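K.L.:
One structure, as structure tokens, below. Some questions next.
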Amino acid sequence: MSDVIRAVDLTKRYRKVPALDCLNLEIPEGSVFGLVGPNGAGKTTAIKTIMNILKPDAGKAEVLGVDSRSIGPEQLARIGYVSENQDQPDWMTVQYLLSFLKPFYPTWDDARVEQLMRQFELPPDRKLRHLSRGMRMKAALVSSLAYRPRLLVLDEPFSGLDPVVRDDLIEGIIESAEETTILVSSHDLAEIESFASHIAYLDSGRLRFAEEMSSLSARFREIEITVESTVKMPESRDWPTHWLRPESTAGMIRFVETRFNLDQTNSEIHRLFGDVRNVSANPMPLRAIFLTLARSKSMAA
Amino acid sequence: MQQAWHIFLKDTRYLYREIAALFALAVIFAWMSHSSAIARTGDTAEALEVLYAVAIAYIIARLIHAESIPGENQFWITRPYRWTSLLTAKIIFLAGIIHLPVLIMQALLLLADGFSLGTIAPGLLWTQVFLLLGISLPCFALAAMTTGIVSFIGTILVLIAVGFVIVESRFQSLFLMFAPESLDWLRYSIPFVAGALAVPPVLYLQYRNRWTRLSELYAAGVVLCGAVAFLFLQWSALFPVQEMFSKQSFPMEITRDASKAFVSRLYPNGLMNLSLPLRITGVPVGVRPQYEMFDLRWQRADGRALDLSRSRTGLGLHRNDKDPNAVTLSGTFYAGRPFGDGGANQPVSLRATIYLTLFGNKRDKTIAFQASALDAVDGLRCRDDYYDEIVCRAPFRWPGTLVSVKHPWGNRSPFTSLISYSPFPAYLQLNPIAERSGGPHWTKDRAAPREVTIESEEPLAYLRRDVEVTNFSIGAP
């Protein structure tokens with residue numbers, strides 16, 4: 001499977017402050033790639049740099065096999081881009097927006113447009129400026145899915161939307177996932193989790209990890225150990241670095257294992273705590289993983 | 001081209017209200033101009049012209065900001081627009097919506113006034129060039145460097161304020177003090193030249209690469225250079241450009257007239273009296289010299305320059321009415337105390353550069369003196385007006401020739417002696433008709449004639465000649 005997007009040491013600075021610091025990323029074809037991270041993590045900067053909206057200060061990115069700095073009409077005809085911050089030609093009606101964009105795309109599919117218009121219940125004769133935020137986002141999505149792009153880039157598409165609209169958008173995105181590689185940035189982790197096949201975590205401009213969702217879910221576990229009350233917490237220097245957010249109460253020790261492997265984790269637990277009464281390893285939702293990483297970082301800071 | 005046309009159609013739909021308003025303004029202007037000469041020449045016409053220029057600037061800004069160049073969030077930058085198509089679409093709009101209506105309106109007004117298409121064609125085209133360089137392209141470039149109408153208007157206001165300060169500054173006063181008005185067009189061409197130099201690279205940088213910072217720096221540099229040239233370039237430095245527009249060459253010479261006394265007196269109070277009689281040779285019969293200006297350079301015997309005639313108030317070129325080939329550079333002016341308390345008798349040299357225009361090629365046409373206009377000379381159409389004066393109209397601008405009415409009783413009266421030597425057949429203005437009235441005021445004692453003769457003579461050559469007087473003493477009174 002080839003990579004639709006590949007970033008190598010991609011760096012972008014605002015004045016001298018790095019907003020994106022040596023980003024290395026590969027997004028395989030056919031994936032739904034979720035880019036997550038707290039506000040100000042550099043998600044939008046990463047996407048804009050990859051899309052050639054911003055010029056990188058160092059490193060490079062390739063999109064659909066082309067250097068991002070050379071992205072032109074030929075590539076953009078195969079890329080859909082929807083962003084919460086994107087200005088729209090508000091004076092256009094939904095119908096006119098679509099008919100205006102149609103000649104730009106050789107692969108424009110009227111049937112697909114009709115189907116999406118019905119699915120999203122978009123009023124064709126309404127001007128964009130008279131649409132709600134959610135409806136505007138839907139219109140933008142229709143205009144980007146209508147030509148069946150090979151790559152769909154979504155920058156915070158769910159931000160500020162009500163749950164019904166979010167579900168509608170996700171449904172539309174999922175339907176396209178069969179033929180389109182999707183890069184979606186968001187801090188709405190529950191939504192990302194529901195359809196992303198890959199996930200990358202960006203923080204302070206640096207990529208903390210990027211992997212398949214199944215692998216991420218498999219390696220993060222919330223561990224609860226029931227011990228004798230006389231057992232003490234080990235010294236911090238003995239604490240494995242991949243065990244995050246340790247907590248202890250009487251007879252109970254909790255932490256987050258970031259490299260969960262049943263045998264290996266058990267063996268380390270026994271090495272540190274000796275015989276324990278009980279060990280439970282609970283799968284974590286993405287939101288919990290995200291919070292763990294964010295808080296671990298702030299504690300470290 | 002298909003994509004450019006598609007974007008153009010979108011833009012016309014987007015701006016249809018503004019376009020309708022602009023067309024309405026053009027129609028109002030045309031109707032007022034055609035129906036009333038007063039409306040054409042008065043404050044109303046000026047107000048309408050300013051309003052039209054503002055409307056053009058506004059529409060261009062809205063047009064360009066529909067796909068604004070600076071910024072990161074415009075919808076079009078992630079769509080497969082070709083930059084050449086986008087630029088072409090905007091140019092088509094400028095040509096079809098901004099320029100073509102002006103051309104049509106001016107052509108209709110002139111044709112309705114009886115001018116032939118052949119006469120008005122160069123002026124029509126040059127008006128378009130000036131409109132392009134003076135308004136359309138600068139607004140285009142500025143809009144391409146701004147994100148919205150607010151920043152566009154803000155920048156325009158700042159530029160207007162700076163331009164006003166420049167024009168009204170003391171530098172301009174100094175310039176005007178020594179510059180013949182006929183040559184003003186050279187200085188006022190500088191902004192157009194700056195526009196022509198600034199705009200194409202800015203548009204290329206913006207539409208090709210969206211390099212706004214570089215574009216801003218380049219544009220600011222050109223504007224600054226233009227402002228410096230406008231302020232500090234002496235008219236004598238611009239004169240060689242005017243010389244290039246000479247139609248003939250003449251073996252004309254100006255020498256010191258040795259038959260008359262050369263007088264130079266420096267008074268203790270710093271005033272100096274100078275009288276330098278000059279004689280002109282080589283001017284053929286039928287050609288008349290008109291003195292435009294002079295420069296004086298004083299030098300001591302050791303070669304050092306003397307700043308004697310910085311203030312030339314009082315000095316002038318005086319013609320001899322009886323002898324057209326004689327002229328005297330004379331007058332009293334403040335020279336200061338160049339040698340301190342003594343040494344006024346030290347030898348000095350004076351080099352005078354005389355700038356002049358040779359007029360000739362006289363022609364005339366006698367036309368019936370009637371209420372409806374008839375073709376006269378130099379593309380003029382003349383008629384009797386309600387006040388029994390001759391009224392002549394020219395397409396776009398008053399001709400660069402000296403036009404006068406020959407009275408039935410012998411003498412002549414010029415329409416104006418303040419003509420521009422600009423070689424262009426038009427200025428940047430919406431009103432395509434220049435009008436002047438003049439000639440005799442018929443009275444009860446003098447009945448209106450049945451016909452009048454309109455005469456003109458044209459500038460044939462623009463010349464400068466040096467006259468040197470060496471090794472003389474300024475002398476004491």
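If you're wondering about the labels, chains in the structure tokens are A, B, ... by order shown, residues count from 1 in each chain, ligands from 1 in order shown.
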Set the distance at 10 Å and use only C-alpha atoms: which residues neighbour Ala218 in chain A once local chain neighbours fewer than 2 positions away are removed? I'd like the list as a ChimeraX atom specification.
P.N.:
/A:212-216,220-221,258-261,283-284
K.L.:
Next, the residues of the selection above should be written as an mmCIF file, in the first residue's frame with C-alpha atoms.
P.N.:
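Result saved to part01.cif:
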data_model
loop_
_atom_site.group_PDB
_atom_site.id
_atom_site.type_symbol
_atom_site.label_atom_id
_atom_site.label_comp_id
_atom_site.auth_asym_id
_atom_site.auth_seq_id
_atom_site.Cartn_x
_atom_site.Cartn_y
_atom_site.Cartn_z
ATOM 1 C CA GLU A 212 -3.005 2.113 13.435
ATOM 2 C CA MET A 213 -5.974 2.577 15.679
ATOM 3 C CA SER A 214 -6.120 -1.126 16.507
ATOM 4 C CA SER A 215 -2.474 -1.123 17.543
ATOM 5 C CA LEU A 216 -3.000 1.972 19.695
ATOM 6 C CA PHE A 220 -2.787 1.297 25.937
ATOM 7 C CA ARG A 221 -4.268 -0.277 29.017
ATOM 8 C CA THR A 258 1.501 2.437 26.968
ATOM 9 C CA ARG A 259 3.171 -0.746 25.670
ATOM 10 C CA PHE A 260 0.794 -3.366 26.846
ATOM 11 C CA ASN A 261 1.849 -6.926 26.319
ATOM 12 C CA PRO A 283 -8.940 -1.162 27.431
ATOM 13 C CA MET A 284 -9.003 2.611 27.132
#
K.L.:
Residues of chain B were defined as contacting chain A if any atom lay at most 7 Å from it, counting only C-alpha atoms; please report them as a PyMOL selection string.
P.N.:
chain B and resi 72-75+78-82
K.L.:
Could you save the residues just selected, with all heavy atoms, as a compact mmCIF listing (two decimals), in the first residue's frame?
P.N.:
# COMPACT_ATOMS: atom_id res chain seq x y z
N GLU B 72 -4.75 32.55 4.23
CA GLU B 72 -4.63 31.09 4.25
C GLU B 72 -5.99 30.41 4.19
O GLU B 72 -6.04 29.19 4.12
CB GLU B 72 -3.96 30.66 5.57
CG GLU B 72 -2.61 31.27 5.82
CD GLU B 72 -2.17 31.05 7.26
OE1 GLU B 72 -2.85 30.30 7.98
OE2 GLU B 72 -1.17 31.66 7.66
N ASN B 73 -7.05 31.19 4.25
CA ASN B 73 -8.36 30.55 4.42
C ASN B 73 -9.31 30.75 3.25
O ASN B 73 -10.50 30.45 3.36
CB ASN B 73 -9.02 31.09 5.71
CG ASN B 73 -8.20 30.77 6.93
OD1 ASN B 73 -7.65 29.67 7.04
ND2 ASN B 73 -8.09 31.72 7.84
N GLN B 74 -8.80 31.28 2.13
CA GLN B 74 -9.68 31.48 0.99
C GLN B 74 -10.09 30.15 0.40
O GLN B 74 -9.27 29.24 0.30
CB GLN B 74 -8.97 32.31 -0.10
CG GLN B 74 -8.32 33.57 0.38
CD GLN B 74 -6.88 33.36 0.77
OE1 GLN B 74 -6.57 32.53 1.61
NE2 GLN B 74 -6.00 34.11 0.16
N PHE B 75 -11.34 30.06 -0.02
CA PHE B 75 -11.83 28.77 -0.51
C PHE B 75 -11.13 28.35 -1.80
O PHE B 75 -10.93 27.18 -2.06
CB PHE B 75 -13.36 28.83 -0.73
CG PHE B 75 -13.77 29.31 -2.09
CD1 PHE B 75 -14.16 28.41 -3.07
CD2 PHE B 75 -13.77 30.66 -2.39
CE1 PHE B 75 -14.54 28.84 -4.32
CE2 PHE B 75 -14.15 31.10 -3.64
CZ PHE B 75 -14.53 30.20 -4.61
N THR B 78 -7.55 26.03 -2.42
CA THR B 78 -7.47 24.57 -2.40
C THR B 78 -8.32 23.96 -3.51
O THR B 78 -8.62 22.77 -3.50
CB THR B 78 -7.92 24.02 -1.03
OG1 THR B 78 -9.21 24.55 -0.74
CG2 THR B 78 -6.95 24.40 0.06
N ARG B 79 -8.74 24.82 -4.44
CA ARG B 79 -9.48 24.35 -5.62
C ARG B 79 -8.56 24.42 -6.83
O ARG B 79 -7.62 25.23 -6.85
CB ARG B 79 -10.71 25.24 -5.85
CG ARG B 79 -11.69 25.26 -4.66
CD ARG B 79 -12.41 23.95 -4.53
NE ARG B 79 -13.36 23.95 -3.43
CZ ARG B 79 -14.15 22.94 -3.13
NH1 ARG B 79 -14.12 21.82 -3.85
NH2 ARG B 79 -14.98 23.00 -2.12
N PRO B 80 -8.85 23.63 -7.84
CA PRO B 80 -7.90 23.57 -8.99
C PRO B 80 -7.98 24.77 -9.92
O PRO B 80 -8.21 24.63 -11.12
CB PRO B 80 -8.29 22.27 -9.69
CG PRO B 80 -9.67 21.96 -9.26
CD PRO B 80 -9.89 22.61 -7.94
N TYR B 81 -7.80 25.95 -9.36
CA TYR B 81 -7.70 27.16 -10.17
C TYR B 81 -6.31 27.19 -10.82
O TYR B 81 -5.32 26.96 -10.14
CB TYR B 81 -7.80 28.40 -9.29
CG TYR B 81 -9.17 28.91 -8.96
CD1 TYR B 81 -10.07 28.14 -8.24
CD2 TYR B 81 -9.57 30.20 -9.33
CE1 TYR B 81 -11.32 28.63 -7.90
CE2 TYR B 81 -10.81 30.70 -8.99
CZ TYR B 81 -11.68 29.92 -8.28
OH TYR B 81 -12.90 30.41 -7.93
N ARG B 82 -6.26 27.53 -12.08
CA ARG B 82 -4.96 27.83 -12.69
C ARG B 82 -4.75 29.33 -12.53
O ARG B 82 -5.66 30.12 -12.79
CB ARG B 82 -4.96 27.45 -14.18
CG ARG B 82 -4.81 25.96 -14.41
CD ARG B 82 -4.60 25.66 -15.89
NE ARG B 82 -5.76 26.03 -16.69
CZ ARG B 82 -6.81 25.26 -16.88
NH1 ARG B 82 -6.85 24.06 -16.32
NH2 ARG B 82 -7.83 25.66 -17.60
K.L.:
Tell me, as a ChimeraX atom specification, which residues lie within 12 Å of Ile28 in chain B, counting only C-alpha atoms; anything in the same chain fewer than 2 positions away does not count.
P.N.:
/B:21-26,30-36,39-40,44-45,48-49,51-52,105
K.L.:
Which residue out of B:Ala371, B:Leu274, B:Leu317, B:Ile59 has the minimum interatomic distance to Ala20 in chain B when only C-alpha atoms are used?
P.N.:
B:Ile59
K.L.:
Work out how far CA of Gly30 in chain A is from CA of Ile182 in chain A, in Å to one decimal.
P.N.:
7.5 Å
K.L.:
I'd like the neighbourhood of Val327 in chain B as JSON, numbers by chain, where a residue qualifies if any of its atoms comes within 6 Å (using only C-alpha atoms), though same-chain residues fewer than 2 positions away should be ignored.
P.N.:
{"B": [278, 318, 319, 320]}
K.L.:
Compile the contact shell of Tyr355 in chain B as an NGL selection string: residues with an atom at most 6 Å away, counting only C-alpha atoms, same-chain residues fewer than 5 positions apart removed.
P.N.:
:B and (292-294 or 463-464)
K.L.:
Only N, CA, C and O atoms, please: the residues just picked out, written as an mmCIF file, in the first residue's frame.
P.N.:
data_model
loop_
_atom_site.group_PDB
_atom_site.id
_atom_site.type_symbol
_atom_site.label_atom_id
_atom_site.label_comp_id
_atom_site.auth_asym_id
_atom_site.auth_seq_id
_atom_site.Cartn_x
_atom_site.Cartn_y
_atom_site.Cartn_z
ATOM 1 N N GLU B 292 11.121 79.544 -23.125
ATOM 2 C CA GLU B 292 10.461 78.821 -22.042
ATOM 3 C C GLU B 292 11.099 79.120 -20.697
ATOM 4 O O GLU B 292 10.419 79.424 -19.732
ATOM 5 N N MET B 293 12.407 79.014 -20.623
ATOM 6 C CA MET B 293 13.082 79.134 -19.338
ATOM 7 C C MET B 293 14.577 79.255 -19.568
ATOM 8 O O MET B 293 15.049 79.114 -20.689
ATOM 9 N N PHE B 294 15.294 79.554 -18.502
ATOM 10 C CA PHE B 294 16.749 79.632 -18.621
ATOM 11 C C PHE B 294 17.389 79.106 -17.340
ATOM 12 O O PHE B 294 16.745 79.042 -16.287
ATOM 13 N N LEU B 463 14.223 73.196 -28.009
ATOM 14 C CA LEU B 463 15.676 73.348 -28.081
ATOM 15 C C LEU B 463 16.229 73.943 -26.802
ATOM 16 O O LEU B 463 15.521 74.609 -26.049
ATOM 17 N N ARG B 464 17.496 73.681 -26.589
ATOM 18 C CA ARG B 464 18.228 74.404 -25.541
ATOM 19 C C ARG B 464 19.568 74.804 -26.124
ATOM 20 O O ARG B 464 20.202 74.032 -26.857
#
K.L.:
Pick out the residues sitting within 6 Å of range 7-9 of chain A, and hand them over as a list of chain:residue names; count only C-alpha atoms, and ignore anything fewer than 5 positions along from it in its own chain.
P.N.:
A:Cys22, A:Leu23, A:Asn24, A:Leu25, A:Gly59, A:Lys60, A:Ala61
K.L.:
Please, which residues of range 243-300 of chain A, numbered as in this document, come out strand (DSSP E or B) from DSSP, as a PyMOL selection string?
P.N.:
chain A and resi 243-249+252-257+278-283
K.L.:
Might you pull out every residue within 10 Å of Ser99 in chain A, with only C-alpha atoms counted and same-chain residues fewer than 5 positions away left off, and present them as number ranges by chain?
P.N.:
A: 93-94, 104, 110, 143
K.L.:
Mind listing the helix (DSSP H, G or I) residues of range 29-217 of chain A, per DSSP on the backbone, as a VMD selection string?
P.N.:
chain A and resid 43 to 50 68 to 70 73 to 76 94 to 104 110 to 120 128 to 130 133 to 145 163 to 176 189 to 195 213 to 217
K.L.:
Figure out the distance between CA of Arg208 in chain A and CA of Glu247 in chain A, please, to one decimal in Å.
P.N.:
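Taking CA of Glu247 in chain A and CA of Arg208 in chain A, their separation equals 23.1 Å.
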K.L.:
At what distance in Å, to one decimal, does CA of Ile170 in chain A lie from CA of Glu191 in chain A?
P.N.:
7.7 Å
